[in-house]
Each structure stands twice: as C-alpha cells, then as structure tokens.
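Enquirer: Compact mmCIF, C-alpha atoms and all ligand atoms, saved as final12.txt, coming up:
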```txt
# COMPACT_ATOMS: atom_id res chain seq x y z
CA MET A 210 41.25 -60.95 78.74
CA LYS A 211 43.03 -61.76 75.49
CA LYS A 212 43.68 -65.48 75.46
CA TYR A 213 40.81 -66.47 73.18
CA GLN A 214 40.42 -63.23 71.22
CA VAL A 215 41.18 -62.77 67.55
CA ASP A 216 44.86 -62.10 66.72
CA PRO A 217 45.95 -59.13 64.55
CA GLN A 218 45.91 -61.31 61.43
CA GLY A 219 42.31 -62.30 62.09
CA PHE A 220 42.90 -65.80 63.43
CA PHE A 221 41.64 -67.71 66.45
CA GLY A 222 44.42 -70.25 66.80
CA ARG A 223 44.64 -71.68 63.32
CA TYR A 224 41.04 -70.86 62.39
CA GLY A 225 39.70 -67.69 60.81
CA GLY A 226 41.50 -65.34 58.45
CA ALA A 227 40.08 -63.68 55.35
CA TYR A 228 40.03 -65.88 52.26
CA VAL A 229 38.28 -63.60 49.79
CA PRO A 230 38.37 -63.09 46.04
CA GLU A 231 40.84 -60.48 44.81
CA ILE A 232 38.05 -58.06 43.94
CA LEU A 233 36.90 -57.89 47.58
CA TYR A 234 40.37 -57.52 49.01
CA LYS A 235 40.27 -53.72 49.30
CA CYS A 236 36.75 -53.76 50.69
CA VAL A 237 37.56 -56.29 53.42
CA HIS A 238 40.81 -54.52 54.17
CA ASP A 239 39.05 -51.15 54.55
CA LEU A 240 36.64 -52.77 56.99
CA GLN A 241 39.52 -54.34 58.95
CA ASP A 242 41.09 -50.90 59.30
CA ALA A 243 37.87 -49.05 60.06
CA TYR A 244 35.87 -51.20 62.45
CA LEU A 245 37.73 -50.90 65.75
CA PRO A 246 38.24 -47.11 65.75
CA ILE A 247 34.54 -46.70 64.92
CA ILE A 248 32.99 -49.17 67.35
CA GLU A 249 35.26 -48.08 70.19
CA SER A 250 34.43 -44.39 69.67
CA ASP A 251 32.23 -42.61 72.23
CA GLU A 252 29.81 -41.52 69.54
CA PHE A 253 29.23 -45.08 68.29
CA ARG A 254 28.85 -46.47 71.79
CA ARG A 255 26.34 -43.79 72.73
CA GLU A 256 24.16 -44.36 69.65
CA TYR A 257 24.44 -48.15 69.85
CA HIS A 258 23.48 -48.38 73.52
CA GLN A 259 20.68 -45.84 73.14
CA LEU A 260 19.11 -47.93 70.37
CA LEU A 261 19.59 -51.17 72.30
CA LYS A 262 17.73 -49.60 75.19
CA ASP A 263 14.93 -47.67 73.50
CA TYR A 264 14.42 -49.67 70.30
CA VAL A 265 15.43 -53.27 71.11
CA GLY A 266 14.17 -53.13 74.71
CA ARG A 267 17.42 -54.00 76.50
CA PRO A 268 18.54 -55.05 79.00
CA SER A 269 16.83 -58.38 78.39
CA PRO A 270 15.69 -59.96 81.67
CA LEU A 271 17.73 -62.57 83.52
CA TYR A 272 14.92 -64.77 84.79
CA PHE A 273 15.19 -67.31 87.61
CA ALA A 274 13.40 -70.41 86.31
CA ARG A 275 12.16 -72.02 89.51
CA ARG A 276 10.45 -75.11 88.16
CA MET A 277 13.21 -75.89 85.67
CA SER A 278 15.75 -75.43 88.47
CA GLU A 279 13.97 -78.08 90.52
CA ARG A 280 13.83 -80.37 87.52
CA TYR A 281 17.58 -80.16 86.83
CA GLY A 282 18.93 -79.78 90.38
CA CYS A 283 20.58 -76.37 90.01
CA GLN A 284 19.83 -72.64 90.13
CA LEU A 285 18.83 -71.99 86.53
CA TYR A 286 18.63 -68.48 85.12
CA LEU A 287 17.39 -67.80 81.59
CA LYS A 288 18.82 -64.90 79.61
CA ARG A 289 15.76 -63.78 77.69
CA GLU A 290 16.95 -62.73 74.22
CA ASP A 291 13.55 -63.94 73.00
CA LEU A 292 12.05 -60.74 74.40
CA ASN A 293 14.06 -58.47 72.09
CA HIS A 294 12.35 -56.54 69.29
CA THR A 295 12.00 -58.93 66.30
CA GLY A 296 12.18 -61.93 68.62
CA ALA A 297 15.82 -62.96 68.89
CA HIS A 298 19.38 -61.89 69.62
CA LYS A 299 20.09 -61.11 65.96
CA ILE A 300 19.04 -57.48 66.25
CA ASN A 301 21.90 -56.68 68.68
CA ASN A 302 24.24 -57.33 65.76
CA THR A 303 22.26 -55.67 62.95
CA ILE A 304 21.89 -52.44 64.97
CA GLY A 305 25.66 -52.34 65.45
CA GLN A 306 26.54 -53.17 61.86
CA ILE A 307 24.15 -50.66 60.32
CA LEU A 308 25.67 -47.90 62.46
CA LEU A 309 29.10 -49.07 61.28
CA ALA A 310 27.90 -49.03 57.64
CA GLN A 311 26.54 -45.51 58.04
CA LYS A 312 29.76 -44.23 59.52
CA MET A 313 31.72 -45.80 56.65
CA GLY A 314 29.53 -43.90 54.18
CA LYS A 315 27.82 -46.96 52.67
CA THR A 316 24.36 -46.54 51.19
CA ARG A 317 23.23 -50.04 50.27
CA ILE A 318 22.87 -53.03 52.61
CA ILE A 319 22.91 -56.70 51.68
CA ALA A 320 22.53 -59.75 53.92
CA GLU A 321 22.06 -63.51 53.75
CA THR A 322 19.40 -65.31 55.72
CA GLY A 323 18.37 -68.90 56.42
CA ALA A 324 15.32 -69.06 58.64
CA GLY A 325 14.74 -65.40 57.86
CA GLN A 326 15.49 -64.11 61.36
CA HIS A 327 18.66 -62.29 60.30
CA GLY A 328 16.88 -61.05 57.18
CA VAL A 329 14.07 -59.61 59.28
CA ALA A 330 16.50 -58.05 61.77
CA THR A 331 18.43 -56.48 58.87
CA ALA A 332 15.32 -55.25 57.04
CA THR A 333 14.14 -53.77 60.34
CA VAL A 334 17.24 -51.66 60.96
CA CYS A 335 17.31 -50.63 57.27
CA ALA A 336 13.78 -49.26 57.64
CA LEU A 337 14.89 -47.51 60.82
CA MET A 338 17.93 -45.94 59.13
CA ASN A 339 16.38 -45.40 55.69
CA MET A 340 18.86 -47.62 53.85
CA LYS A 341 18.30 -49.66 50.70
CA CYS A 342 18.13 -53.35 51.67
CA GLU A 343 18.49 -56.53 49.64
CA ILE A 344 18.30 -59.99 51.23
CA PHE A 345 19.57 -63.25 49.75
CA MET A 346 17.66 -66.35 50.79
CA GLY A 347 17.69 -69.91 49.50
CA ALA A 348 14.57 -70.69 47.46
CA THR A 349 13.84 -73.68 49.71
CA ASP A 350 13.89 -71.39 52.75
CA VAL A 351 11.74 -68.77 50.97
CA GLU A 352 9.05 -71.44 50.86
CA ARG A 353 9.65 -72.91 54.33
CA GLN A 354 9.79 -69.51 56.05
CA HIS A 355 7.15 -67.63 54.17
CA THR A 356 5.99 -65.32 56.97
CA ASN A 357 9.49 -64.00 57.47
CA VAL A 358 9.70 -63.29 53.72
CA GLU A 359 6.49 -61.28 53.98
CA ARG A 360 7.84 -59.41 57.01
CA MET A 361 11.00 -58.46 55.12
CA ARG A 362 8.97 -57.25 52.13
CA MET A 363 6.65 -55.26 54.36
CA LEU A 364 9.73 -53.63 55.89
CA GLY A 365 10.76 -52.51 52.40
CA ALA A 366 13.49 -55.04 51.65
CA GLU A 367 13.93 -56.80 48.33
CA VAL A 368 14.20 -60.58 48.81
CA HIS A 369 16.19 -62.53 46.21
CA PRO A 370 15.45 -66.28 46.18
CA VAL A 371 18.70 -68.17 45.51
CA ARG A 372 18.36 -71.22 43.26
CA THR A 373 21.91 -72.60 43.31
CA GLY A 374 23.08 -75.66 45.28
CA ASN A 375 20.64 -76.90 47.90
CA MET A 376 18.90 -73.53 47.84
CA THR A 377 19.45 -72.95 51.58
CA LEU A 378 21.55 -70.76 53.88
CA SER A 379 24.97 -71.78 52.62
CA ASP A 380 23.97 -70.89 49.04
CA ALA A 381 22.47 -67.59 50.20
CA CYS A 382 25.84 -66.70 51.79
CA SER A 383 27.67 -67.48 48.56
CA GLU A 384 25.24 -65.36 46.57
CA ALA A 385 25.57 -62.42 48.99
CA ILE A 386 29.36 -62.58 48.63
CA ARG A 387 28.93 -62.65 44.83
CA ASP A 388 26.73 -59.55 44.96
CA TRP A 389 29.26 -57.81 47.21
CA CYS A 390 31.96 -58.50 44.60
CA CYS A 391 29.85 -56.60 42.05
CA HIS A 392 29.18 -53.58 44.30
CA PRO A 393 32.18 -53.21 46.61
CA GLN A 394 31.99 -49.39 46.66
CA ASP A 395 28.56 -48.51 48.01
CA THR A 396 27.50 -51.79 49.62
CA PHE A 397 27.88 -52.99 53.20
CA TYR A 398 27.36 -56.71 53.80
CA ILE A 399 25.73 -57.27 57.19
CA VAL A 400 26.83 -60.77 58.18
CA GLY A 401 24.43 -62.50 60.56
CA SER A 402 26.67 -64.69 62.69
CA THR A 403 30.27 -65.05 63.92
CA MET A 404 31.35 -66.32 60.52
CA GLY A 405 32.75 -64.99 57.25
CA PRO A 406 36.12 -63.37 56.61
CA HIS A 407 37.94 -61.39 59.31
CA PRO A 408 36.83 -58.99 60.78
CA TYR A 409 33.22 -60.26 60.73
CA PRO A 410 33.55 -62.95 63.43
CA ASP A 411 35.08 -60.36 65.73
CA ILE A 412 32.54 -57.64 64.85
CA VAL A 413 29.58 -59.94 65.48
CA ALA A 414 31.03 -61.32 68.75
CA ARG A 415 31.58 -57.78 70.02
CA MET A 416 28.04 -56.70 69.07
CA GLN A 417 26.55 -59.74 70.84
CA SER A 418 28.83 -59.38 73.86
CA VAL A 419 26.21 -57.08 75.36
CA ILE A 420 24.56 -60.36 76.45
CA SER A 421 27.35 -61.38 78.84
CA GLU A 422 27.96 -57.76 79.84
CA GLU A 423 24.39 -57.71 81.16
CA ILE A 424 24.61 -61.21 82.69
CA LYS A 425 27.51 -59.94 84.81
CA TRP A 426 25.71 -57.07 86.48
CA GLN A 427 22.38 -58.89 86.58
CA LEU A 428 23.95 -61.81 88.50
CA GLN A 429 25.71 -59.36 90.81
CA GLU A 430 22.35 -57.75 91.53
CA LYS A 431 20.53 -61.06 92.06
CA ILE A 432 23.04 -63.31 93.82
CA GLY A 433 25.84 -60.99 94.90
CA ARG A 434 28.51 -62.36 92.57
CA ASP A 435 29.01 -61.61 88.90
CA TYR A 436 29.73 -65.04 87.44
CA PRO A 437 27.84 -68.32 87.06
CA ASP A 438 29.26 -71.83 87.43
CA TYR A 439 27.95 -72.85 84.02
CA LEU A 440 26.92 -71.12 80.81
CA VAL A 441 24.77 -72.87 78.21
CA ALA A 442 23.85 -71.72 74.69
CA CYS A 443 23.09 -73.13 71.24
CA VAL A 444 25.43 -72.71 68.27
CA GLY A 445 24.60 -72.34 64.60
CA GLY A 446 27.26 -69.98 63.31
CA GLY A 447 27.93 -69.09 66.92
CA SER A 448 26.75 -65.53 67.58
CA ASN A 449 24.40 -65.93 70.56
CA ALA A 450 26.89 -68.34 72.11
CA ALA A 451 29.76 -65.89 71.53
CA GLY A 452 27.75 -63.11 73.16
CA THR A 453 26.82 -65.30 76.12
CA ILE A 454 30.40 -66.34 76.89
CA TYR A 455 32.37 -63.27 75.71
CA HIS A 456 33.12 -61.67 79.07
CA TYR A 457 33.75 -65.02 80.78
CA LEU A 458 36.18 -66.58 78.31
CA ASP A 459 39.21 -66.01 80.51
CA ASP A 460 37.38 -66.79 83.75
CA ASP A 461 38.22 -70.40 84.62
CA ARG A 462 35.52 -70.52 87.29
CA VAL A 463 32.95 -70.64 84.52
CA GLN A 464 32.37 -73.85 82.55
CA ILE A 465 30.79 -73.61 79.11
CA PHE A 466 28.44 -76.07 77.42
CA LEU A 467 27.32 -75.40 73.85
CA ALA A 468 24.65 -77.28 71.90
CA GLU A 469 24.92 -77.86 68.17
CA ALA A 470 22.26 -79.46 66.01
CA GLY A 471 22.61 -83.23 65.73
CA GLY A 472 19.63 -83.56 63.36
CA HIS A 473 18.87 -87.29 63.14
CA GLY A 474 22.18 -88.07 64.89
CA ILE A 475 25.90 -87.51 64.35
CA ASP A 476 26.34 -91.04 63.02
CA THR A 477 23.85 -90.36 60.19
CA ASP A 478 24.07 -88.23 57.03
CA HIS A 479 21.33 -86.02 58.40
CA THR A 480 23.14 -83.76 60.83
CA ALA A 481 24.35 -80.18 61.26
CA ALA A 482 26.82 -81.02 64.08
CA THR A 483 29.81 -79.32 62.48
CA MET A 484 32.10 -79.50 65.50
CA HIS A 485 31.49 -83.24 65.84
CA CYS A 486 31.53 -84.13 62.15
CA GLY A 487 33.42 -81.36 60.35
CA ARG A 488 36.97 -81.28 59.06
CA GLU A 489 39.21 -78.28 58.53
CA GLY A 490 38.42 -76.39 55.36
CA ILE A 491 37.47 -72.99 54.02
CA ILE A 492 33.92 -71.77 53.83
CA HIS A 493 32.60 -68.27 53.15
CA GLY A 494 35.96 -66.60 53.59
CA ALA A 495 37.24 -68.31 56.75
CA ARG A 496 39.30 -71.35 57.66
CA THR A 497 37.21 -73.39 60.06
CA LEU A 498 35.52 -76.76 60.54
CA VAL A 499 33.30 -77.65 57.62
CA MET A 500 31.08 -80.63 57.00
CA GLN A 501 32.40 -82.06 53.77
CA THR A 502 32.36 -85.14 51.61
CA ASP A 503 35.44 -87.35 51.20
CA ASN A 504 36.53 -85.30 48.20
CA GLY A 505 36.10 -81.96 49.95
CA GLN A 506 32.70 -80.82 48.65
CA ILE A 507 30.54 -79.06 51.20
CA GLN A 508 28.05 -81.48 52.70
CA GLU A 509 24.49 -80.25 53.14
CA ALA A 510 23.55 -79.68 56.77
CA PHE A 511 20.38 -81.20 58.16
CA THR A 512 18.39 -80.24 61.25
CA ILE A 513 14.80 -79.46 62.13
CA SER A 514 16.00 -76.01 63.12
CA ALA A 515 16.37 -73.63 60.17
CA GLY A 516 18.58 -71.30 62.22
CA LEU A 517 21.19 -74.00 62.94
CA ASP A 518 21.19 -75.41 59.41
CA TYR A 519 24.74 -74.47 58.39
CA PRO A 520 27.63 -76.76 57.35
CA GLY A 521 30.30 -74.47 58.89
CA ILE A 522 30.92 -72.92 62.29
CA GLY A 523 32.40 -69.61 63.36
CA PRO A 524 36.21 -69.91 63.62
CA MET A 525 36.30 -68.78 67.25
CA HIS A 526 34.11 -71.74 68.18
CA ALA A 527 36.28 -74.19 66.25
CA HIS A 528 39.19 -72.88 68.30
CA LEU A 529 37.38 -72.83 71.66
CA ALA A 530 36.21 -76.42 71.23
CA GLU A 531 39.64 -77.61 70.13
CA THR A 532 41.36 -76.02 73.12
CA GLY A 533 38.76 -77.54 75.46
CA ARG A 534 37.49 -74.15 76.64
CA THR A 535 34.00 -75.14 75.54
CA GLN A 536 32.34 -78.53 75.59
CA VAL A 537 30.07 -79.07 72.61
CA LEU A 538 27.09 -81.43 72.73
CA ALA A 539 25.13 -82.63 69.72
CA ILE A 540 21.39 -82.41 70.33
CA ASN A 541 19.09 -84.36 68.04
CA ASP A 542 15.79 -83.10 66.63
CA ASP A 543 13.63 -85.18 68.97
CA GLU A 544 15.58 -84.08 72.05
CA ALA A 545 15.22 -80.43 71.08
CA ILE A 546 11.48 -80.71 70.46
CA ARG A 547 10.97 -82.46 73.80
CA ALA A 548 12.97 -79.77 75.60
CA GLY A 549 10.98 -77.03 73.84
CA TYR A 550 7.74 -78.53 75.12
CA GLU A 551 9.21 -78.94 78.59
CA LEU A 552 10.22 -75.28 78.90
CA THR A 553 6.81 -74.29 77.58
CA ARG A 554 4.95 -76.37 80.15
CA LEU A 555 7.21 -75.69 83.14
CA GLU A 556 7.86 -71.97 82.67
CA GLY A 557 5.34 -70.72 80.11
CA ILE A 558 8.08 -69.79 77.66
CA ILE A 559 7.91 -71.14 74.09
CA PRO A 560 11.51 -71.11 72.86
CA ALA A 561 12.73 -71.01 69.27
CA ILE A 562 13.69 -74.54 68.24
CA GLU A 563 17.30 -73.30 68.03
CA SER A 564 17.15 -72.29 71.70
CA ALA A 565 15.42 -75.56 72.59
CA HIS A 566 18.70 -77.29 71.65
CA ALA A 567 20.38 -75.40 74.50
CA VAL A 568 17.58 -76.40 76.88
CA ALA A 569 18.00 -80.04 75.84
CA ALA A 570 21.67 -79.89 76.78
CA LEU A 571 20.63 -79.64 80.47
CA GLU A 572 19.56 -83.28 80.49
CA LYS A 573 23.00 -84.30 79.22
CA VAL A 574 25.05 -82.28 81.68
CA LYS A 575 22.87 -82.27 84.80
CA HIS A 576 25.10 -84.88 86.47
CA HIS A 577 27.68 -82.06 86.85
CA PHE A 578 25.28 -79.83 88.78
CA LYS A 579 25.14 -79.35 92.54
CA PRO A 580 21.89 -77.83 93.86
CA GLU A 581 23.57 -74.49 94.63
CA ASP A 582 25.31 -74.19 91.24
CA ILE A 583 24.38 -71.18 89.16
CA VAL A 584 23.57 -72.02 85.55
CA VAL A 585 22.81 -69.31 82.98
CA LEU A 586 21.20 -70.47 79.74
CA THR A 587 20.51 -68.14 76.84
CA ILE A 588 17.12 -68.38 75.18
CA SER A 589 18.25 -66.96 71.85
CA GLY A 590 14.79 -66.45 70.40
CA ARG A 591 11.07 -66.99 70.74
CA GLY A 592 9.19 -69.91 69.26
CA ASP A 593 6.36 -68.09 67.49
CA LYS A 594 7.97 -68.82 64.12
CA ASP A 595 8.20 -72.53 65.00
CA ILE A 596 4.72 -73.38 66.27
CA GLU A 597 3.83 -75.39 63.18
CA THR A 598 7.08 -77.36 63.35
CA TYR A 599 6.48 -78.16 67.02
CA LEU A 600 2.92 -79.29 66.40
CA ASN A 601 3.71 -81.32 63.27
CA TYR A 602 6.61 -83.03 64.98
CA LYS A 603 4.55 -83.96 68.01
CA LEU A 604 2.12 -85.82 65.77
CA GLU A 605 4.97 -87.98 64.49
CA ILE A 606 6.29 -89.21 67.84
C1 LIG B 1 19.92 -67.50 63.97
C2 LIG B 1 19.54 -68.06 65.26
C3 LIG B 1 20.40 -68.92 65.98
C4 LIG B 1 21.71 -69.41 65.44
O1 LIG B 1 22.65 -68.44 65.17
P1 LIG B 1 23.90 -68.16 66.09
O2 LIG B 1 24.70 -67.21 65.28
O3 LIG B 1 24.61 -69.46 66.32
O4 LIG B 1 23.42 -67.57 67.35
C5 LIG B 1 20.00 -69.36 67.23
N1 LIG B 1 18.81 -69.00 67.75
C6 LIG B 1 17.96 -68.18 67.09
C7 LIG B 1 16.66 -67.82 67.73
C8 LIG B 1 18.29 -67.69 65.82
O5 LIG B 1 17.43 -66.89 65.19
```
As a first step, turn the structure in this file into structure tokens.

Expert:
Amino acid sequence: MKKYQVDPQGFFGRYGGAYVPEILYKCVHDLQDAYLPIIESDEFRREYHQLLKDYVGRPSPLYFARRMSERYGCQLYLKREDLNHTGAHKINNTIGQILLAQKMGKTRIIAETGAGQHGVATATVCALMNMKCEIFMGATDVERQHTNVERMRMLGAEVHPVRTGNMTLSDACSEAIRDWCCHPQDTFYIVGSTMGPHPYPDIVARMQSVISEEIKWQLQEKIGRDYPDYLVACVGGGSNAAGTIYHYLDDDRVQIFLAEAGGHGIDTDHTAATMHCGREGIIHGARTLVMQTDNGQIQEAFTISAGLDYPGIGPMHAHLAETGRTQVLAINDDEAIRAGYELTRLEGIIPAIESAHAVAALEKVKHHFKPEDIVVLTISGRGDKDIETYLNYKLEI
C-alpha cells in the first residue's frame, strides 16, 4: 500500500517537495513534524469521524444509476459528494485541517479560493470552531462567484479580493502564501486541494480518502466485492480524485480514468488541461506540471469551470499520470455541459460543472466497458452554483 504514496522527503516520484520562502521554512517544517502524529491519534480520528457523520452527513450515498448504466453499457455507481453539507467534497478536508490547526494551537485561519467552494467550506468550519477566518479570492472570481462571497461573509469570514495577475485562483494562492509569510506564528493556512508544499498534498489526500474508504464497504454491501473495475473522477488540483482512488492505488484490478478541463481544446490557448499541456516547473511550493509560456511564465488557465481553473496540478497526479497508473482525458467545455444536462435528465441529478467533466469522460472510455463491469464515478459537487452557466451556455449552442 505504499507504491504511490509520498516519500519521507515529500516527493511523489520527482514531483512534490516544499519550495517555500525562507521565512516559512520553520512553519512548514513544524507542520511536517506535527501532522501525522495528530491525524493518526485516536482523539483526532474520533472527532473527525464524528463531525463527518453528524455535521457533513456522511457516509455519502453510493447510488446505482440505472438509466446512465444502460446508456453507457456498464454498471454505473455514483459517489454522491454533492450531498455533503455545503455541496461538495471540499468540507471533508476543511473539517480535518481545522481540527489539525486547533491541535497545533493556531488561532487564525487563512485560505485561498477560486470558485468560492473552498472558501465557503473553510468559512463554515471556522464558524463551527469559532476561529478567525480570512479568505483570499481573485477579484475576477469575486465578481463571477458573488453568491459564494456573500455566503462567506454571512459565515463571518473576511474576503480579500486579490488584484494581482489575472485576479483568479492562482493569484489568490500566491496572496495567501504572502499573508502566511507575515503571520507564521498564529496562522494556519487551510489549503483546498492536493497542492502546495509538502505536507499539504498528503494531508488533503488523507482527508479526502474517506471517499474511497466508504466506496469499499458500500460496494461490498451492494455487490459482494469491495472493488470496482473502473474509477472515474475530475481533477482540478486533484483532491476529489485523490480521495476517490486513495485506497485502490495499489490494486491493479482497478483502472482509473481522470478528467481534466480542456476548455476550448488542448490545441488552443484556452485550456486548463495541465497534464496534457504542462511542463515541469514549480508552482505554489511544489515541483509539478505547470502550464507555462516558452520563457517559463505561468500561463493563465481557461475553462468554463471555475473549480478546475488552475494552471498547476497536485504532484501526486503528475506522478500517477506519468507512471501510467491513471489515464487522464481532457474534456472540453461543450462536452462537460452536454454531460451535465444528460445526468440531469437521465437521473435527476444536476452536477457541478466540475463533476460534469467526469461524467463526460464516460463517452470517451465506454468502449472499454463490458455490461457487467462496475464503474464508480464521483460526483464531486452539486450544480446549484452553476445553473446560470448551464443556461447561458445552452443558448450559445
Ligand atoms: C473545487 C472543486 C473541484 C476541483 O478540485 P479538486 O481538488 O480537483 O477536487 C471539483 N469539483 C467541485 C465540485 C469543486 O468544488
């Protein structure tokens, strides 16, 4: 169970590590020393699982999608992270990290957010735990995702619009790291995906691994065996995908398909398909694949999906794709929107546009499926936040 896990230096193959400014060195090092003893303690586990159950509403259902199964010629099960409190998988991680922050004696929480989902999930747990909360968000996203900004403010968080660069997620991350440099003593940075300097990718993957832990016993209960033939998930930074595949990484019976955001297409400048188009580089404290210009400047990501709009990728996913453990498909905007409508009409589930990318991958891989094959696809979030985007897009096609 160790082949694809992080090594003691914080690397997944040659990706990962902790490339941080000198001033954060102690802070990151303290976290590296502290996180495993804390999250493996009985006390942490008890509190974490209690909150997941009573506050988040876990376990999330594993739902047999009959009509979609017929459509794609397989036995399709949907892992319903969209039914979690606050509407996505992100809260699994923020619950875990705020407990970690508390146990490390931190009193102030900061976070970055793109679409606002991680900001809302962070503001939510800060209200729950009575912690001071400040969220960094690109000014462009503050406008695009206004309801989530209002939700964060209602929850008591301070939202700082970031006006550097393209004023989106990548700039919000940089600004959060800058703030952390100024307050290393009292502040805990809750990172929202399997990205950032070691140990964040490992922390976030462990917090989200509850998804595959549940898939195992839920499959056992439903079909009498605890593994599927195929797993499917979308990847932005990679957290819902990491959680979906975590307990199956060393199980060769399970094939893994991941969907990244192709935007207008991987042969255009308007894409967020980092694993197709990125080159090795360093972004937000980790060595990984980065979309960059010829002279090494970070290239703006483009996709209809605010939650996948990131020019990097978690280092574990760069490694998994390179070793061939995962197969990554680029899904374009139009394919995702079509798949979102299809799931809505066939199953009565409106997925987040991020999750619709995973649904769209079915069309591209269905030639692998036999009718008896078990496919588990994670619906990372609900589409309530995306209704306008769905409707506006439909008018254009
Ligand atoms: C944030 C988000 C994603 C992308 O983030 P990952 O870390 O790759 O999971 C996907 N789906 C939803 C619903 C999100 O909110």

Enquirer: I'd like the contact shell of stretch 454-460 of chain A - 9 Å cut-off, all atoms listed in the file, skipping same-chain residues fewer than 2 positions apart - returned as an NGL selection string.

Expert: :A and (210-214 or 414-415 or 417-422 or 425 or 436 or 440-442 or 449-452 or 462-465 or 534)

Enquirer: List every protein, DNA or RNA residue that has at least one atom no more than 7 Å from (23.9, -79.0, 53.5) in the file's coordinates, counting all atoms listed in the file, and write the result as a list in words.

Expert: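 I get Asn375, Gln508, Glu509, Ala510, Phe511, Tyr519 and Pro520 of chain A for the residues within 7 Å of that point.
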
Enquirer: Could you please take those selected residues and save C-alpha atoms as an mmCIF file, keeping the file's coordinate frame?

Expert:
```
data_model
loop_
_atom_site.group_PDB
_atom_site.id
_atom_site.type_symbol
_atom_site.label_atom_id
_atom_site.label_comp_id
_atom_site.auth_asym_id
_atom_site.auth_seq_id
_atom_site.Cartn_x
_atom_site.Cartn_y
_atom_site.Cartn_z
ATOM 1 C CA ASN A 375 20.640 -76.900 47.900
ATOM 2 C CA GLN A 508 28.050 -81.480 52.700
ATOM 3 C CA GLU A 509 24.490 -80.250 53.140
ATOM 4 C CA ALA A 510 23.550 -79.680 56.770
ATOM 5 C CA PHE A 511 20.380 -81.200 58.160
ATOM 6 C CA TYR A 519 24.740 -74.470 58.390
ATOM 7 C CA PRO A 520 27.630 -76.760 57.350
#
```

Enquirer: From the options A:Gln311, A:Thr477, A:Thr598, A:Thr303, which residue's atoms come nearest to A:Phe253, counting all atoms listed in the file?

Expert: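 Closest to A:Phe253 of all the choices is A:Gln311.
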
Enquirer: Neighbours of ligand LIG 1 (chain B) at 8 Å or closer, counting all atoms listed in the file: which residues, as a PDB file with C-alpha atoms, in the frame of the given file?

Expert:
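selection_14.pdb, written as the output of this step:
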```pdb
ATOM      1  CA  ASP A 291      13.550 -63.940  73.000  1.00  0.00           C
ATOM      2  CA  GLY A 296      12.180 -61.930  68.620  1.00  0.00           C
ATOM      3  CA  ALA A 297      15.820 -62.960  68.890  1.00  0.00           C
ATOM      4  CA  HIS A 298      19.380 -61.890  69.620  1.00  0.00           C
ATOM      5  CA  LYS A 299      20.090 -61.110  65.960  1.00  0.00           C
ATOM      6  CA  GLY A 323      18.370 -68.900  56.420  1.00  0.00           C
ATOM      7  CA  ALA A 324      15.320 -69.060  58.640  1.00  0.00           C
ATOM      8  CA  GLY A 325      14.740 -65.400  57.860  1.00  0.00           C
ATOM      9  CA  GLN A 326      15.490 -64.110  61.360  1.00  0.00           C
ATOM     10  CA  HIS A 327      18.660 -62.290  60.300  1.00  0.00           C
ATOM     11  CA  GLY A 401      24.430 -62.500  60.560  1.00  0.00           C
ATOM     12  CA  SER A 402      26.670 -64.690  62.690  1.00  0.00           C
ATOM     13  CA  THR A 403      30.270 -65.050  63.920  1.00  0.00           C
ATOM     14  CA  CYS A 443      23.090 -73.130  71.240  1.00  0.00           C
ATOM     15  CA  VAL A 444      25.430 -72.710  68.270  1.00  0.00           C
ATOM     16  CA  GLY A 445      24.600 -72.340  64.600  1.00  0.00           C
ATOM     17  CA  GLY A 446      27.260 -69.980  63.310  1.00  0.00           C
ATOM     18  CA  GLY A 447      27.930 -69.090  66.920  1.00  0.00           C
ATOM     19  CA  SER A 448      26.750 -65.530  67.580  1.00  0.00           C
ATOM     20  CA  ASN A 449      24.400 -65.930  70.560  1.00  0.00           C
ATOM     21  CA  ALA A 450      26.890 -68.340  72.110  1.00  0.00           C
ATOM     22  CA  ALA A 451      29.760 -65.890  71.530  1.00  0.00           C
ATOM     23  CA  GLY A 516      18.580 -71.300  62.220  1.00  0.00           C
ATOM     24  CA  LEU A 517      21.190 -74.000  62.940  1.00  0.00           C
ATOM     25  CA  PRO A 560      11.510 -71.110  72.860  1.00  0.00           C
ATOM     26  CA  ALA A 561      12.730 -71.010  69.270  1.00  0.00           C
ATOM     27  CA  ILE A 562      13.690 -74.540  68.240  1.00  0.00           C
ATOM     28  CA  GLU A 563      17.300 -73.300  68.030  1.00  0.00           C
ATOM     29  CA  SER A 564      17.150 -72.290  71.700  1.00  0.00           C
ATOM     30  CA  ILE A 588      17.120 -68.380  75.180  1.00  0.00           C
ATOM     31  CA  SER A 589      18.250 -66.960  71.850  1.00  0.00           C
ATOM     32  CA  GLY A 590      14.790 -66.450  70.400  1.00  0.00           C
ATOM     33  CA  ARG A 591      11.070 -66.990  70.740  1.00  0.00           C
ATOM     34  CA  GLY A 592       9.190 -69.910  69.260  1.00  0.00           C
TER      35      GLY A 592
END
```

Enquirer: Expressed in Å to a single decimal, how great is the separation between atom CA of A:His369 and atom CA of A:Thr322?

Expert: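 Here the two named atoms are 10.4 Å from each other.
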
Enquirer: Under the rule that only C-alpha atoms are counted, which of A:Thr535, A:Thr316, A:Thr349, A:Asn339 is the nearest residue to A:His392?

Expert: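 Under the stated criterion, the closest residue is A:Thr316.
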
Enquirer: Determine, counting all atoms listed in the file, which protein, DNA and RNA residues have an atom within 10 Å of an atom of stretch 541-555 of chain A; residues of the same chain fewer than 3 positions away are not included. Present the result as number ranges by chain.

Expert: A: 274-277, 280, 468-475, 480-482, 511-514, 538, 558-572, 592, 598-600, 602-603, 606

Enquirer: Closest to A:Pro580 among A:Gln427, A:Glu252, A:Asp438, A:Arg353, using all atoms listed in the file?

Expert: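 Answer, going by the shortest atom-to-atom distance: A:Asp438.
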
Enquirer: For A:Gly494, please output as JSON, numbers by chain all residues within 6 Å (counting all atoms listed in the file; exclusion window: fewer than 4 positions along the same chain).

Expert: {"A": [227, 228, 229, 405, 406]}

Enquirer: Could you please determine the separation between atom CA of A:Glu556 and atom CA of A:Gly328 in Å, to one decimal place?

Expert: 29.2 Å

Enquirer: Using atom CA of A:Leu245 and atom CA of A:Tyr257 as the two end points, give the distance in Å to one decimal.

Expert: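 Taking atom CA of A:Leu245 as the start and atom CA of A:Tyr257 as the end point, the length is 14.2 Å.
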
Enquirer: Given all atoms listed in the file as the basis, pick out the residue of A:Val215, A:Cys390, A:Val499, A:Ala385 nearest to A:Val237.

Expert: A:Cys390

Enquirer: Looking at only C-alpha atoms, which of A:Asp251, A:Gly374, A:Ala515, A:Ile522 is the one that sits closest to A:Gly490?

Expert: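 Closest candidate: A:Ile522.
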
Enquirer: Can you work out which one of A:Leu271, A:Val537, A:Ile300, A:Ala332 has the shortest atom-to-atom distance to A:Val413, counting all atoms listed in the file?

Expert: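 Smallest distance to A:Val413 is found for A:Ile300.
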
Enquirer: Residues near A:Gly305, anyone? I mean within 8 Å using all atoms listed in the file, not counting same-chain ones fewer than 4 positions away, as JSON, numbers by chain.

Expert: {"A": [257, 301, 309, 416]}
